[in-house]
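Heads up, protein-v3.cif below (mmCIF, C-alpha atoms and all ligand atoms):
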```
data_protein
loop_
_atom_site.label_atom_id
_atom_site.label_comp_id
_atom_site.auth_asym_id
_atom_site.auth_seq_id
_atom_site.Cartn_x
_atom_site.Cartn_y
_atom_site.Cartn_z
CA MET A 19 30.28 -13.50 -23.38
CA LEU A 20 30.66 -10.30 -25.41
CA ALA A 21 27.22 -8.72 -25.79
CA ILE A 22 25.95 -5.60 -27.52
CA GLY A 23 23.04 -3.60 -26.11
CA LEU A 24 21.04 -1.13 -28.20
CA MET A 25 18.62 1.43 -26.81
CA SER A 26 16.64 4.16 -28.52
CA GLY A 27 15.02 6.08 -25.69
CA THR A 28 11.92 8.22 -25.35
CA SER A 29 13.91 11.43 -26.01
CA LEU A 30 14.39 10.34 -29.64
CA ASP A 31 17.93 11.72 -29.51
CA GLY A 32 19.56 8.69 -31.11
CA VAL A 33 20.68 5.10 -30.69
CA ASP A 34 22.89 4.21 -27.71
CA ALA A 35 25.13 1.22 -28.44
CA ALA A 36 27.20 -0.52 -25.76
CA LEU A 37 29.54 -3.49 -25.86
CA ILE A 38 30.00 -5.32 -22.56
CA GLU A 39 31.48 -8.57 -21.38
CA THR A 40 29.12 -10.32 -18.98
CA ASP A 41 27.84 -13.62 -17.65
CA GLY A 42 24.35 -12.09 -17.25
CA GLU A 43 24.74 -12.55 -13.50
CA GLY A 44 27.38 -11.05 -11.22
CA GLN A 45 30.02 -10.15 -13.80
CA VAL A 46 29.82 -7.03 -15.95
CA ARG A 47 32.67 -5.29 -17.77
CA PRO A 48 31.85 -2.35 -20.06
CA VAL A 49 34.06 -2.50 -23.18
CA ALA A 50 32.88 0.25 -25.55
CA PHE A 51 30.06 2.72 -26.05
CA ARG A 52 28.92 5.11 -28.74
CA GLY A 53 25.85 7.08 -29.70
CA GLU A 54 24.41 7.32 -33.19
CA PRO A 55 22.30 10.50 -33.31
CA TYR A 56 19.13 10.76 -35.39
CA SER A 57 18.96 13.46 -38.05
CA ASP A 58 16.24 16.08 -37.59
CA ALA A 59 14.24 14.38 -40.35
CA ALA A 60 14.56 10.97 -38.67
CA ARG A 61 13.52 12.42 -35.32
CA ALA A 62 10.48 14.05 -36.91
CA GLN A 63 9.53 10.77 -38.60
CA LEU A 64 9.81 8.85 -35.32
CA ALA A 65 7.84 11.50 -33.42
CA GLU A 66 5.05 11.28 -36.01
CA ALA A 67 4.96 7.48 -35.77
CA THR A 68 4.72 7.82 -31.99
CA VAL A 69 1.73 10.16 -32.13
CA LEU A 70 0.00 7.88 -34.67
CA ALA A 71 0.71 4.67 -32.73
CA LEU A 72 -0.66 6.14 -29.54
CA SER A 73 -3.98 6.79 -31.28
CA PHE A 74 -4.41 3.06 -32.06
CA ASP A 75 -6.43 0.71 -29.89
CA LYS A 76 -3.79 -1.96 -30.50
CA PRO A 77 -0.55 -2.31 -32.49
CA ARG A 78 -1.10 -2.68 -36.23
CA PRO A 79 1.16 -2.41 -39.27
CA SER A 80 0.23 1.07 -40.39
CA PRO A 81 2.62 2.14 -43.22
CA PRO A 82 4.12 5.20 -41.44
CA VAL A 83 4.88 3.09 -38.36
CA VAL A 84 6.34 0.28 -40.51
CA ALA A 85 8.53 2.84 -42.30
CA ALA A 86 9.66 4.20 -38.92
CA GLY A 87 10.53 0.63 -37.89
CA ASP A 88 12.70 0.24 -41.00
CA LEU A 89 14.47 3.48 -40.12
CA ILE A 90 15.07 2.14 -36.61
CA VAL A 91 16.64 -1.07 -37.95
CA ARG A 92 18.85 0.80 -40.45
CA THR A 93 20.13 3.21 -37.79
CA HIS A 94 20.80 0.38 -35.34
CA VAL A 95 22.73 -1.65 -37.95
CA LEU A 96 24.92 1.42 -38.51
CA ALA A 97 25.40 1.84 -34.76
CA VAL A 98 26.50 -1.81 -34.43
CA GLN A 99 28.96 -1.51 -37.33
CA LYS A 100 30.53 1.65 -35.89
CA LEU A 101 30.66 0.24 -32.36
CA LEU A 102 32.47 -2.90 -33.55
CA ARG A 103 34.86 -0.82 -35.63
CA ASP A 104 35.63 1.47 -32.64
CA ALA A 105 36.19 -1.52 -30.37
CA GLY A 106 38.23 -3.48 -32.93
CA VAL A 107 35.95 -6.48 -32.37
CA ALA A 108 34.60 -8.81 -35.11
CA ALA A 109 30.87 -9.54 -35.32
CA ASP A 110 31.68 -13.27 -34.99
CA ASP A 111 33.14 -12.64 -31.55
CA VAL A 112 29.90 -11.14 -30.24
CA GLY A 113 27.55 -13.68 -28.65
CA VAL A 114 24.35 -11.68 -28.68
CA ILE A 115 22.67 -8.33 -29.30
CA GLY A 116 19.98 -7.03 -26.95
CA PHE A 117 17.80 -4.77 -29.10
CA HIS A 118 15.21 -2.64 -27.30
CA GLY A 119 13.82 -0.85 -30.36
CA GLN A 120 11.79 2.35 -30.11
CA THR A 121 8.72 2.55 -27.91
CA VAL A 122 5.97 4.15 -29.97
CA ALA A 123 3.20 3.48 -27.46
CA HIS A 124 3.09 1.93 -24.00
CA ARG A 125 -0.37 0.83 -22.87
CA PRO A 126 0.00 -1.91 -20.24
CA ASP A 127 -3.46 -0.97 -18.94
CA ARG A 128 -4.83 -2.19 -22.29
CA GLY A 129 -2.56 -5.22 -22.34
CA TRP A 130 0.03 -4.04 -24.85
CA THR A 131 3.27 -2.19 -25.28
CA TRP A 132 4.81 -1.50 -28.66
CA GLN A 133 8.48 -1.24 -29.54
CA ILE A 134 9.18 -0.88 -33.26
CA GLY A 135 12.23 -2.34 -35.04
CA ASP A 136 12.27 -5.94 -36.30
CA GLY A 137 14.88 -7.94 -34.36
CA ALA A 138 14.94 -10.72 -36.98
CA ALA A 139 15.96 -8.14 -39.61
CA LEU A 140 18.66 -6.80 -37.28
CA ALA A 141 19.98 -10.35 -36.69
CA ASN A 142 20.18 -10.93 -40.46
CA ALA A 143 21.84 -7.59 -41.19
CA THR A 144 24.48 -7.98 -38.44
CA GLY A 145 24.91 -11.76 -38.49
CA ILE A 146 24.54 -11.74 -34.68
CA THR A 147 21.91 -13.57 -32.60
CA THR A 148 19.46 -10.90 -31.47
CA VAL A 149 17.15 -10.78 -28.44
CA TRP A 150 14.33 -8.26 -28.82
CA ASP A 151 10.72 -7.47 -27.85
CA PHE A 152 11.77 -7.45 -24.20
CA ARG A 153 8.57 -6.04 -22.75
CA SER A 154 5.64 -7.91 -24.33
CA ALA A 155 5.82 -11.16 -22.34
CA ASP A 156 5.75 -9.26 -19.07
CA VAL A 157 2.72 -7.19 -20.15
CA ALA A 158 0.95 -10.31 -21.44
CA ALA A 159 1.47 -11.83 -17.97
CA GLY A 160 -0.13 -8.80 -16.30
CA GLY A 161 3.06 -6.82 -15.59
CA GLN A 162 3.82 -3.23 -16.54
CA GLY A 163 6.56 -4.27 -19.00
CA ALA A 164 8.69 -1.44 -17.53
CA PRO A 165 11.02 -0.52 -16.04
CA LEU A 166 13.35 -3.36 -17.00
CA LEU A 167 16.72 -1.84 -16.05
CA PRO A 168 16.38 -2.77 -12.34
CA VAL A 169 17.92 -6.22 -12.86
CA TYR A 170 21.01 -4.48 -14.26
CA HIS A 171 21.00 -1.88 -11.46
CA ALA A 172 21.02 -4.79 -9.00
CA ALA A 173 24.15 -6.24 -10.64
CA LEU A 174 25.91 -2.86 -10.65
CA THR A 175 25.15 -2.02 -7.02
CA ALA A 176 25.86 -5.47 -5.56
CA GLY A 177 29.10 -4.32 -3.91
CA LEU A 178 27.67 -1.15 -2.32
CA THR A 179 26.21 -0.56 1.12
CA LEU A 180 22.49 -1.15 0.60
CA PRO A 181 19.79 0.11 0.31
CA VAL A 182 20.65 2.41 -2.58
CA ALA A 183 18.50 3.92 -5.29
CA VAL A 184 19.35 4.38 -8.96
CA LEU A 185 17.42 7.15 -10.69
CA ASN A 186 17.33 7.31 -14.50
CA LEU A 187 16.57 10.81 -15.79
CA GLY A 188 15.70 10.17 -19.44
CA GLY A 189 12.64 11.45 -21.29
CA VAL A 190 10.76 9.67 -18.51
CA ALA A 191 12.28 9.07 -15.06
CA ASN A 192 12.40 5.73 -13.31
CA ILE A 193 13.82 4.69 -9.95
CA THR A 194 15.16 1.39 -8.66
CA TRP A 195 15.52 0.69 -4.94
CA VAL A 196 17.94 -2.14 -4.20
CA GLY A 197 17.24 -3.43 -0.70
CA PRO A 198 19.68 -4.81 1.88
CA ASP A 199 19.03 -8.38 0.71
CA GLY A 200 19.13 -7.40 -3.00
CA GLY A 201 15.33 -7.18 -3.25
CA LEU A 202 14.04 -4.73 -5.87
CA VAL A 203 11.33 -2.08 -5.94
CA ALA A 204 11.16 -0.02 -9.12
CA PHE A 205 8.75 2.16 -11.06
CA ASP A 206 8.51 5.20 -13.33
CA THR A 207 8.38 8.38 -11.25
CA GLY A 208 7.11 10.88 -13.85
CA PRO A 209 8.54 12.92 -16.69
CA ALA A 210 12.26 13.73 -16.45
CA ASN A 211 13.33 15.69 -19.56
CA GLY A 212 10.49 14.89 -21.96
CA LEU A 213 8.30 17.86 -21.07
CA ILE A 214 11.25 20.23 -20.79
CA ASP A 215 12.40 19.17 -24.27
CA SER A 216 8.89 19.75 -25.69
CA TRP A 217 8.72 23.15 -23.99
CA MET A 218 12.15 24.19 -25.28
CA GLU A 219 11.30 23.15 -28.81
CA ALA A 220 7.99 25.05 -28.72
CA GLU A 221 9.34 28.19 -27.04
CA THR A 222 12.91 28.52 -28.29
CA GLY A 223 13.43 25.97 -31.08
CA ALA A 224 16.26 24.37 -29.06
CA ARG A 225 16.10 20.61 -28.51
CA PHE A 226 16.76 20.77 -24.77
CA ASP A 227 17.63 23.20 -21.97
CA ALA A 228 21.42 22.92 -22.20
CA ASP A 229 22.89 22.66 -18.70
CA GLY A 230 19.55 23.83 -17.29
CA ALA A 231 20.55 27.43 -18.06
CA LEU A 232 17.09 28.65 -19.03
CA ALA A 233 15.45 27.00 -16.01
CA ALA A 234 18.11 28.55 -13.76
CA SER A 235 17.15 32.00 -15.04
CA GLY A 236 13.42 31.50 -14.44
CA ARG A 237 11.06 31.41 -11.48
CA VAL A 238 9.12 28.36 -10.35
CA GLU A 239 5.41 29.21 -10.52
CA ALA A 240 4.06 27.52 -7.40
CA THR A 241 0.41 27.42 -8.46
CA VAL A 242 1.28 25.87 -11.83
CA LEU A 243 3.55 23.36 -10.11
CA ASP A 244 0.67 22.44 -7.78
CA THR A 245 -1.59 21.93 -10.79
CA LEU A 246 0.98 19.62 -12.38
CA LEU A 247 1.34 17.65 -9.16
CA ASP A 248 -2.41 17.37 -8.61
CA ASN A 249 -2.56 13.99 -10.30
CA PRO A 250 -3.55 10.71 -8.63
CA TRP A 251 -0.74 9.00 -10.53
CA PHE A 252 1.80 10.30 -8.01
CA ASP A 253 -0.14 8.86 -5.04
CA ALA A 254 -0.56 5.46 -6.68
CA ALA A 255 1.58 2.72 -5.20
CA PRO A 256 3.96 0.90 -7.54
CA PRO A 257 4.10 -1.01 -9.83
CA LYS A 258 3.48 1.73 -12.36
CA SER A 259 4.92 2.86 -15.68
CA LEU A 260 4.37 5.67 -18.13
CA ASP A 261 4.06 6.41 -21.79
CA ARG A 262 6.19 9.39 -22.87
CA ASN A 263 2.97 11.24 -23.77
CA ASP A 264 1.03 10.62 -20.56
CA PHE A 265 1.93 14.16 -19.44
CA THR A 266 1.78 17.38 -21.45
CA ILE A 267 3.05 20.95 -21.21
CA GLN A 268 -0.50 22.34 -21.15
CA ALA A 269 -0.26 23.66 -17.58
CA VAL A 270 2.77 25.86 -18.25
CA ARG A 271 1.42 27.48 -21.41
CA GLY A 272 1.27 31.24 -20.91
CA LEU A 273 4.39 31.35 -18.73
CA SER A 274 7.57 32.93 -20.04
CA ALA A 275 10.03 30.50 -21.62
CA ALA A 276 12.32 30.73 -18.58
CA ASP A 277 9.55 30.36 -15.95
CA GLY A 278 8.09 27.43 -17.86
CA ALA A 279 11.48 25.69 -17.96
CA ALA A 280 12.01 26.38 -14.25
CA THR A 281 8.54 25.09 -13.34
CA LEU A 282 8.87 21.91 -15.44
CA THR A 283 12.31 21.22 -13.97
CA ALA A 284 10.87 21.69 -10.47
CA PHE A 285 8.06 19.31 -11.47
CA THR A 286 10.59 16.59 -12.26
CA ALA A 287 12.33 17.21 -8.93
CA ALA A 288 9.06 17.18 -6.96
CA THR A 289 7.96 13.92 -8.54
CA VAL A 290 11.30 12.32 -7.64
CA ALA A 291 10.67 13.40 -4.05
CA ARG A 292 7.17 11.90 -4.20
CA ALA A 293 8.69 8.68 -5.52
CA LEU A 294 11.00 8.34 -2.52
CA GLU A 295 7.86 8.14 -0.33
CA HIS A 296 6.90 4.93 -2.15
CA LEU A 297 10.21 3.16 -1.42
CA PRO A 298 10.36 0.59 1.40
CA SER A 299 13.09 2.57 3.17
CA ARG A 300 15.20 5.65 2.63
CA PRO A 301 18.15 4.79 0.34
CA THR A 302 21.60 5.73 1.63
CA ARG A 303 22.53 7.08 -1.80
CA LEU A 304 20.68 8.39 -4.82
CA LEU A 305 22.75 7.50 -7.89
CA VAL A 306 21.71 9.23 -11.10
CA ALA A 307 21.99 8.06 -14.71
CA GLY A 308 20.50 9.36 -17.96
CA GLY A 309 20.74 12.72 -19.73
CA GLY A 310 19.20 14.68 -16.85
CA ARG A 311 22.34 14.22 -14.78
CA HIS A 312 24.02 16.70 -17.16
CA ASN A 313 21.51 19.35 -16.00
CA PRO A 314 22.84 21.09 -12.84
CA THR A 315 19.56 22.96 -12.30
CA MET A 316 17.67 19.67 -12.24
CA LEU A 317 20.17 18.12 -9.84
CA ARG A 318 20.00 21.16 -7.55
CA MET A 319 16.19 21.07 -7.49
CA ILE A 320 16.22 17.31 -6.80
CA ALA A 321 18.59 17.90 -3.87
CA GLU A 322 16.27 20.61 -2.51
CA ALA A 323 13.10 18.57 -3.00
CA THR A 324 14.45 15.29 -1.58
CA GLY A 325 16.99 16.43 1.01
CA THR A 326 19.42 13.98 -0.61
CA VAL A 327 22.32 15.00 -2.83
CA PRO A 328 21.98 13.07 -6.11
CA GLU A 329 25.29 11.56 -7.25
CA PRO A 330 25.92 11.14 -10.98
CA SER A 331 26.62 7.46 -11.57
CA ASP A 332 29.91 8.35 -13.28
CA ALA A 333 31.42 8.96 -9.83
CA LEU A 334 31.22 5.17 -9.37
CA GLY A 335 32.75 4.55 -12.79
CA TRP A 336 29.43 3.83 -14.51
CA ASN A 337 28.82 5.78 -17.71
CA GLY A 338 25.35 7.18 -17.11
CA ASP A 339 24.77 7.64 -20.84
CA ALA A 340 25.55 3.99 -21.58
CA MET A 341 23.66 2.33 -18.74
CA GLU A 342 20.41 1.58 -20.56
CA ALA A 343 22.20 0.12 -23.60
CA GLU A 344 24.46 -1.94 -21.33
CA GLY A 345 21.38 -3.13 -19.47
CA PHE A 346 19.84 -4.57 -22.63
CA ALA A 347 23.10 -6.37 -23.45
CA TYR A 348 23.03 -7.84 -19.93
CA MET A 349 19.35 -8.82 -20.25
CA ALA A 350 19.99 -10.47 -23.63
CA VAL A 351 22.56 -12.76 -22.03
CA ARG A 352 20.10 -13.53 -19.23
CA THR A 353 17.46 -14.41 -21.83
CA LEU A 354 19.85 -16.84 -23.54
CA LYS A 355 20.44 -18.44 -20.12
CA GLY A 356 16.71 -18.59 -19.31
CA LEU A 357 17.10 -16.22 -16.35
CA PRO A 358 14.38 -13.75 -15.32
CA ILE A 359 14.56 -10.06 -16.27
CA SER A 360 11.46 -8.74 -14.48
CA PHE A 361 10.20 -9.32 -10.95
CA PRO A 362 7.10 -8.71 -8.83
CA GLY A 363 8.79 -5.65 -7.30
CA THR A 364 9.80 -4.11 -10.63
CA THR A 365 6.98 -4.58 -13.14
CA GLY A 366 4.37 -6.18 -10.92
CA ALA A 367 4.68 -9.50 -12.75
CA ALA A 368 3.27 -12.27 -10.56
CA LEU A 369 6.54 -14.21 -10.71
CA PRO A 370 10.09 -13.51 -11.86
CA MET A 371 9.77 -13.51 -15.65
CA PRO A 372 12.14 -14.25 -18.49
CA GLY A 373 11.51 -12.00 -21.49
CA GLY A 374 12.63 -11.28 -25.01
CA VAL A 375 12.34 -13.07 -28.35
CA VAL A 376 15.49 -14.74 -29.73
CA SER A 377 16.20 -14.41 -33.47
CA GLU A 378 19.13 -16.24 -35.06
CA PRO A 379 20.60 -14.80 -38.27
CA GLU A 380 19.74 -16.78 -41.41
CA ARG A 381 22.99 -18.33 -42.64
N1 LIG A 401 23.90 19.06 -21.03
C1 LIG A 401 22.59 18.83 -20.83
N2 LIG A 401 21.84 19.76 -20.20
C2 LIG A 401 20.53 19.58 -19.99
N3 LIG A 401 19.85 18.47 -20.38
C3 LIG A 401 20.56 17.52 -21.01
C4 LIG A 401 21.95 17.63 -21.26
N4 LIG A 401 22.35 16.49 -21.90
C5 LIG A 401 21.25 15.72 -22.05
N5 LIG A 401 20.17 16.32 -21.51
C6 LIG A 401 18.78 15.85 -21.48
O1 LIG A 401 18.78 14.44 -21.52
C7 LIG A 401 17.89 13.97 -22.55
C8 LIG A 401 18.37 12.65 -23.06
O2 LIG A 401 18.44 11.76 -21.99
P1 LIG A 401 18.52 10.19 -22.22
O3 LIG A 401 19.36 9.92 -23.41
O4 LIG A 401 18.87 9.59 -20.91
O5 LIG A 401 17.01 9.89 -22.57
P2 LIG A 401 16.38 8.60 -23.25
O6 LIG A 401 17.25 7.40 -23.00
O7 LIG A 401 16.04 8.94 -24.65
O8 LIG A 401 15.03 8.48 -22.43
P3 LIG A 401 14.36 7.24 -21.61
O9 LIG A 401 15.33 6.85 -20.55
O10 LIG A 401 13.10 7.85 -21.09
O11 LIG A 401 14.10 6.18 -22.63
C9 LIG A 401 17.91 15.08 -23.59
O12 LIG A 401 16.73 15.03 -24.37
C10 LIG A 401 18.01 16.31 -22.72
O13 LIG A 401 16.75 16.74 -22.30
C1 LIG A 402 7.88 1.69 -22.25
C2 LIG A 402 9.24 2.27 -22.23
O1 LIG A 402 9.93 2.27 -23.23
N1 LIG A 402 9.66 2.78 -21.07
C3 LIG A 402 10.99 3.34 -20.87
C4 LIG A 402 10.86 4.85 -20.64
O2 LIG A 402 12.16 5.43 -20.45
C5 LIG A 402 12.45 5.45 -19.06
C6 LIG A 402 11.27 4.76 -18.45
O3 LIG A 402 10.24 5.06 -19.39
C7 LIG A 402 11.44 3.23 -18.38
O4 LIG A 402 10.27 2.68 -17.84
C8 LIG A 402 11.65 2.60 -19.76
O5 LIG A 402 12.98 2.40 -20.14
C9 LIG A 402 13.98 1.83 -19.35
C10 LIG A 402 15.13 1.47 -20.21
C11 LIG A 402 13.57 0.60 -18.53
O6 LIG A 402 12.75 -0.20 -18.98
O7 LIG A 402 14.13 0.42 -17.45
#
```
Kindly return the structure encoded in the file as structure tokens.
Ligand SMILES: Nc1ncnc2c1ncn2[C@@H]1O[C@H](COP(=O)(O)OP(=O)(O)OP(=O)(O)O)[C@@H](O)[C@H]1O
Ligand SMILES: CC(=O)N[C@H]1[C@@H]2OC[C@@H](O2)[C@@H](O)[C@@H]1O[C@H](C)C(=O)O
Amino acid sequence: MLAIGLMSGTSLDGVDAALIETDGEGQVRPVAFRGEPYSDAARAQLAEATVLALSFDKPRPSPPVVAAGDLIVRTHVLAVQKLLRDAGVAADDVGVIGFHGQTVAHRPDRGWTWQIGDGAALANATGITTVWDFRSADVAAGGQGAPLLPVYHAALTAGLTLPVAVLNLGGVANITWVGPDGGLVAFDTGPANGLIDSWMEAETGARFDADGALAASGRVEATVLDTLLDNPWFDAAPPKSLDRNDFTIQAVRGLSAADGAATLTAFTAATVARALEHLPSRPTRLLVAGGGRHNPTMLRMIAEATGTVPEPSDALGWNGDAMEAEGFAYMAVRTLKGLPISFPGTTGAALPMPGGVVSEPER
């Protein structure tokens, strides 16, 4: 089946849209990919909705969050139209869309996680069956609701010598260990780029530390790094998952822009190293996806902290910018087939769990 996957990640950089051909099981063929960036105004609106939503004790239809949800749907409709145009594929030929939406608050400890963007509206606007709200069923059943990509990582790595690990360096970082028998252990490891982005914006006005250049010019402040790492979260055994705002840049305030960037980048690397301690065995390879793989300083620090050279996923022919969007296309097909998307080893769900709400377009 041809399936579209749509992801708007915690970095708020834009919508990732991927078209793949898949059976939702062993077969996956990427067909097309494109990003639809948010304008500065859109990014600011989404960031505001995120701060507001996180202050709530449970999801509720507050007007600014509803307006942000409408913006999410509009931008995703545009992304689908452009993706189909690029690929020369008609909407009628696409079997399903997997629509993640935008996480505005993730509180599995309180029994909820909140992704904005109405999948029924997206189905109507595109005319394509849409699977959405992928995380809620897992959280309602006592799981973390994240990370969900592991089932897709398992499909991608099936032909490799196992165990391997796939590390996603997005706003938040998450790791998937695929064991020799295909068993999965996965969890969020800590911030990846989220804190660095916040620091860059506050200190320099830039959106991110392009190619890790500022971090490369700075010095890692060991005492500040220790303060950042002095957090029981890193000792906790998986399953575990994070909200983008669970960590802040408070500890690096007062450092120079360069030293702060270096220290936050080292923090990401150190937390990846801590994460490897929670895996059942040492992976033979550490494959890296997500925006952080474009940051050579981050990759160097991860190599130093872990003693393993991280390999950008692109070396295996997997577009590391498209992987999350592809994963939601893959999961949407699994949902249509009634197959599980989360597992005891990935979200802590008691049993393998299907997930996602299916919305058919109104004809
Ligand atoms: N050339 C680059 N140099 C340094 N950092 C980069 C570069 N390109 C991208 N990044 C970082 O990657 C981030 C985007 O990564 P990505 O798109 O994987 O995140 P996301 O999908 O929004 O997050 P998540 O996976 O947490 O949902 C940017 O915000 C930036 O910090
Ligand atoms: C709640 C939420 O949106 N979590 C994201 C976030 O971004 C990375 C990490 O934290 C991961 O747990 C998850 O996304 C990916 C797509 C996942 O579920 O696998």
Hey, could you make a per-residue contact list for region 188-285 of chain A against region 170-179 of chain A with 10 Å as the cut-off, showing the nearest pair of atoms and its distance in Å to one decimal, counting all atoms listed in the file, sorted by chain and number, as a tab-separated table?
```
residue	atom	partner	partner_atom	distance
A:Ile193	CA	A:His171	CA	9.8
A:Thr194	CA	A:His171	CA	7.3
A:Trp195	CA	A:Ala172	CA	8.8
A:Val196	CA	A:Ala172	CA	6.3
A:Gly197	CA	A:Ala172	CA	9.2
A:Pro198	CA	A:Thr179	CA	7.8
A:Asp199	CA	A:Ala176	CA	9.7
A:Gly200	CA	A:Ala172	CA	6.8
A:Gly201	CA	A:Ala172	CA	8.4
A:Leu202	CA	A:Ala172	CA	7.6
```
Taking C-alpha atoms for each residue, export the selection above as a PDB file, keeping the file's coordinate frame.
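Contents of out12.pdb, freshly written:
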```pdb
ATOM      1  CA  ILE A 193      13.820   4.690  -9.950  1.00  0.00           C
ATOM      2  CA  THR A 194      15.160   1.390  -8.660  1.00  0.00           C
ATOM      3  CA  TRP A 195      15.520   0.690  -4.940  1.00  0.00           C
ATOM      4  CA  VAL A 196      17.940  -2.140  -4.200  1.00  0.00           C
ATOM      5  CA  GLY A 197      17.240  -3.430  -0.700  1.00  0.00           C
ATOM      6  CA  PRO A 198      19.680  -4.810   1.880  1.00  0.00           C
ATOM      7  CA  ASP A 199      19.030  -8.380   0.710  1.00  0.00           C
ATOM      8  CA  GLY A 200      19.130  -7.400  -3.000  1.00  0.00           C
ATOM      9  CA  GLY A 201      15.330  -7.180  -3.250  1.00  0.00           C
ATOM     10  CA  LEU A 202      14.040  -4.730  -5.870  1.00  0.00           C
TER      11      LEU A 202
END
```
Box dimensions and centre (Å, one decimal) enclosing ligand LIG 401 (chain A), axis-aligned, 5 Å extra per side, as AutoDock Vina command-line options:
```
--center_x 18.5 --center_y 13.0 --center_z -22.3 --size_x 20.8 --size_y 23.6 --size_z 14.7
```
Show me, as a tab-separated table, the residues of chain A having an atom within 8 Å of ligand LIG 402 (chain A), each with the closest atom pair and its distance in Å, using all atoms listed in the file.
```
residue	atom	partner	partner_atom	distance
A:Met25	CA	A:LIG402	C10	7.5
A:Gly27	CA	A:LIG402	O2	6.0
A:Thr28	CA	A:LIG402	O2	5.6
A:Gln120	CA	A:LIG402	O1	7.1
A:Thr121	CA	A:LIG402	O1	4.8
A:Ala123	CA	A:LIG402	C1	7.2
A:His124	CA	A:LIG402	C1	5.1
A:Thr131	CA	A:LIG402	C1	6.7
A:Trp132	CA	A:LIG402	C1	7.8
A:Gln133	CA	A:LIG402	O1	7.4
A:Arg153	CA	A:LIG402	C1	7.8
A:Gly163	CA	A:LIG402	C1	6.9
A:Ala164	CA	A:LIG402	O4	4.4
A:Pro165	CA	A:LIG402	O6	3.4
A:Leu166	CA	A:LIG402	O6	3.8
A:Leu167	CA	A:LIG402	O7	3.7
A:Pro168	CA	A:LIG402	O7	6.4
A:Asn186	CA	A:LIG402	C5	6.9
A:Leu187	CA	A:LIG402	C5	7.5
A:Gly188	CA	A:LIG402	C5	5.7
A:Gly189	CA	A:LIG402	O2	6.1
A:Val190	CA	A:LIG402	C5	4.6
A:Ala191	CA	A:LIG402	C5	5.4
A:Asn192	CA	A:LIG402	C6	5.4
A:Phe205	CA	A:LIG402	O4	7.0
A:Asp206	CA	A:LIG402	O4	5.5
A:Ser259	CA	A:LIG402	O4	5.8
A:Leu260	CA	A:LIG402	O3	6.0
A:Asp261	CA	A:LIG402	C1	6.1
A:Arg262	CA	A:LIG402	O3	6.9
A:Glu342	CA	A:LIG402	C10	5.3
A:Ala343	CA	A:LIG402	C10	8.0
A:Gly345	CA	A:LIG402	C10	7.8
```
To check your reading of the model: which residues sit at most 9 Å from ligand LIG 401 (chain A) when counting all atoms listed in the file? Write the answer as a PyMOL selection string.
chain A and resi 25-34+120-121+186-192+209-215+225-231+262+307-316+338-343
Counting all atoms listed in the file, which of A:Gln162, A:Thr364, A:Thr93, A:Thr68 gets nearest to Tyr56 (chain A)?
A:Thr93
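One distance worth recording is that between CA of Arg292 (chain A) and CA of Ser360 (chain A), which is 23.5 Å.
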Name all residues at most 8 Å from Ser377 (chain A) (count all atoms listed in the file; drop same-chain ones fewer than 4 positions away) and give them as a PyMOL selection string.
chain A and resi 137-138+141+147-150
Selection from above, C-alpha atoms, as a compact mmCIF listing (two decimals), in the frame of the given file, can you write it?
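Saved result, part-v4.txt, follows:
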```
# COMPACT_ATOMS: atom_id res chain seq x y z
CA GLY A 137 14.88 -7.94 -34.36
CA ALA A 138 14.94 -10.72 -36.98
CA ALA A 141 19.98 -10.35 -36.69
CA THR A 147 21.91 -13.57 -32.60
CA THR A 148 19.46 -10.90 -31.47
CA VAL A 149 17.15 -10.78 -28.44
CA TRP A 150 14.33 -8.26 -28.82
```
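For the residues A:Ala288, A:Leu37, A:Ala85, A:Ala143, ranking by smallest atom-to-atom distance to Ala105 (chain A) using all atoms listed in the file places A:Leu37 first.
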What's around Gly373 (chain A) at 8 Å? Count only C-alpha atoms, leave out sequence neighbours fewer than 4 positions away in its own chain, and write the answer as a PDB file with C-alpha atoms, in the coordinates of the input.
```
ATOM      1  CA  ASP A 151      10.720  -7.470 -27.850  1.00  0.00           C
ATOM      2  CA  PHE A 152      11.770  -7.450 -24.200  1.00  0.00           C
ATOM      3  CA  ARG A 153       8.570  -6.040 -22.750  1.00  0.00           C
ATOM      4  CA  SER A 154       5.640  -7.910 -24.330  1.00  0.00           C
ATOM      5  CA  ALA A 155       5.820 -11.160 -22.340  1.00  0.00           C
ATOM      6  CA  ASP A 156       5.750  -9.260 -19.070  1.00  0.00           C
ATOM      7  CA  THR A 353      17.460 -14.410 -21.830  1.00  0.00           C
ATOM      8  CA  PRO A 358      14.380 -13.750 -15.320  1.00  0.00           C
ATOM      9  CA  ILE A 359      14.560 -10.060 -16.270  1.00  0.00           C
ATOM     10  CA  SER A 360      11.460  -8.740 -14.480  1.00  0.00           C
TER      11      SER A 360
END
```
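Here CA of Val375 (chain A) is placed at a distance of 16.4 Å from CA of Gly42 (chain A).
Reported to one decimal place, the separation of CA of Leu72 (chain A) from CA of Asp248 (chain A) is 23.8 Å.
If only C-alpha atoms are the atoms counted, then among A:Pro126, A:Leu185, A:Pro256, A:Arg103 the closest residue to Ala287 (chain A) is A:Leu185.
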Using only C-alpha atoms, the best pick from A:Glu322, A:Trp251, A:Asp277, A:Pro379 as closest to Gly113 (chain A) would be A:Pro379
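Minimum distance to Met349 (chain A) across A:Ala21, A:Val91, A:Ala233, A:Val69 (counting all atoms listed in the file) occurs at A:Ala21.
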If we count all atoms listed in the file, what is near Gly129 (chain A) at a cut-off of 9 Å, once residues fewer than 4 positions away on the same chain are taken out, given as a PyMOL selection string?
chain A and resi 76+125+154+157-162
